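To start, the structure itself, in structure tokens.
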Number of protein chains: 2
Amino acid sequence: MSKGEQTKAAILDEASDLASRLGLGGLTIGTLATATRLSKSGLYAHFASKESLQVEVLQYARDLFTDHVMRPTVKAPRGEPRFRAFFDNWLAWQSNRFAGGCIFVDAASEFDDREGPVRDELVRAERDKLESVALVISTAISEGHFRADVDPQQVAYELEGILLAHHHARRLMRDPRADELARRAFERLVESCRAHPA
Amino acid sequence: MSKGEQTKAAILDEASDLASRLGLGGLTIGTLATATRLSKSGLYAHFASKESLQVEVLQYARDLFTDHVMRPTVKAPRGEPRFRAFFDNWLAWQSNRFAGGCIFVDAASEFDDREGPVRDELVRAERDKLESVALVISTAISEGHFRADVDPQQVAYELEGILLAHHHARRLMRDPRADELARRAFERLVESCRAHPA
């Protein structure tokens with residue numbers, strides 16, 4: 001990484017934290033300048049506009065998700081263990097990575113009805129994530145861990161629901177049982193998929 | 001309802017629609033004045049501040065939720081039929097009531113880390129909703145429809161997850177299967193609770 005790339009990565013890291021606290025829509029060249037004490041003109045050298053800043057922050061967060069969730073997940077054995085690893089890593093990511101909660105969850109509510117490049121990037125990221133989950137589930141079927149009639153899209157949807165409910169329980173409701181509720185919901189989901197119920 | 005109350009209700013209805021599109025945080029005396037073509041000074045006669053406007057919109061939406069979801073739900077027979085009615089009415093509410101998606105879902109992401117009266121009101125509304133769901137589930141246990149070892153809080157959490165995933169699938173991903181995925185997830189949840197599996 002060149003010096004310029006390092007600087008930009010450091011700025012994007014600050015920007016992603018700021019976005020998790022203010023919402024992605026609240027992330028502008030101006031709010032980023034205030035938070036980082038960098039000049040606006042200096043930031044404009046890296047980002048052409050507020051929108052391109054927001055898109056790049058999503059791409060940065062997506063790379064982080066790959067590093068923190070996807071890479072460790074594929075190290076787990078194929079099938080149910082890998083599905084479990086996906087859940088564990090995703091839960092840890094959502095709980096710990098950003099001060100203000102998962103940037104993707106917050107941005108989904110914010111941008112679901114704002115057409116444009118930010119929404120497009122968000123949809124791409126979410127589609128890739130759902131496809132990765134579905135692939136892990138398909139593999140659990142082909143490994144014989146999950147039943148052949150399990151619908152990977154359906155299970156991916158339900159897993160997403162468990163994670164969204166966890167975000168809600170933990171961040172809005174500050175429910176001390178949030179982790180326990182998520183884990184029990186996940187166990188029920190796994191059990192319902194198993195070819196050979198425990 | 002007096003003339004003044006009618007006017008205020010009409011303004012709150014516009015305001016709740018605006019909040020569903022802009023996010024509750026984007027709802028201010030200024031944006032409301034522009035959307036309704038009412039004068040700011042006229043609006044200040046109804047709402048002391050942006051914050052009190054946002055709190056009143058949440059209270060208004062909560063009353064709507066009572067009318068559209070809670071009241072028709074308690075008309076269904078106690079037990080599993082009432083739990084099904086809750087789900088059906090909630091799904092319809094979330095899908096149809098607001099142009100820009102459920103105001104509570106959007107506000108949860110927006111206000112989960114902003115301390116103050118808006119967050120407090122939101123937490124109260126969500127706690128009441130979760131308690132109502134848990135009560136309907138408890139009744140299904142006492143009616144003998146659901147098993148005695150079913151944990152109402154756990155099932156309420158999972159139901160919330162199904163609805164949040166539906167909001168995500170429908171509004172962000174524009175997934176034509178969103179309703180079907182939600183219904184299948186719900187059937188699995190009900191089946192897992194039943195005292196006498198079908």
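Starting from 1 in every chain, residues are counted up; chains themselves are A, B, ... following the order of the structure tokens, and ligands are numbered from 1 as listed.
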- Task: Hey, list the chain A side of the contact with chain B: 10 Å cut-off, only C-alpha atoms, answer as number ranges by chain.
- Result: A: 20-23, 99-103, 105-114, 119-120, 122-124, 126-127, 153-174, 177-178, 180-182, 184-186, 188-189, 192
- Task: Name all residues at most 9 Å from Glu80 (chain A) (count only C-alpha atoms; drop same-chain ones fewer than 2 positions away) and give them as a list in words.
- Result: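 The residues that qualify are Pro77, Arg78, Arg82, Phe83, Arg84, Ala85, Val136, Ile137, Thr139, Ala140, Ile141, Glu143, His145, Phe146, Val190 and Arg194 of chain A.
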- Item | Pick from A:Asn89, A:Ser142, A:Ser41, A:Asn96, whichever lies nearest to Arg71 (chain A) using only C-alpha atoms | A:Asn89
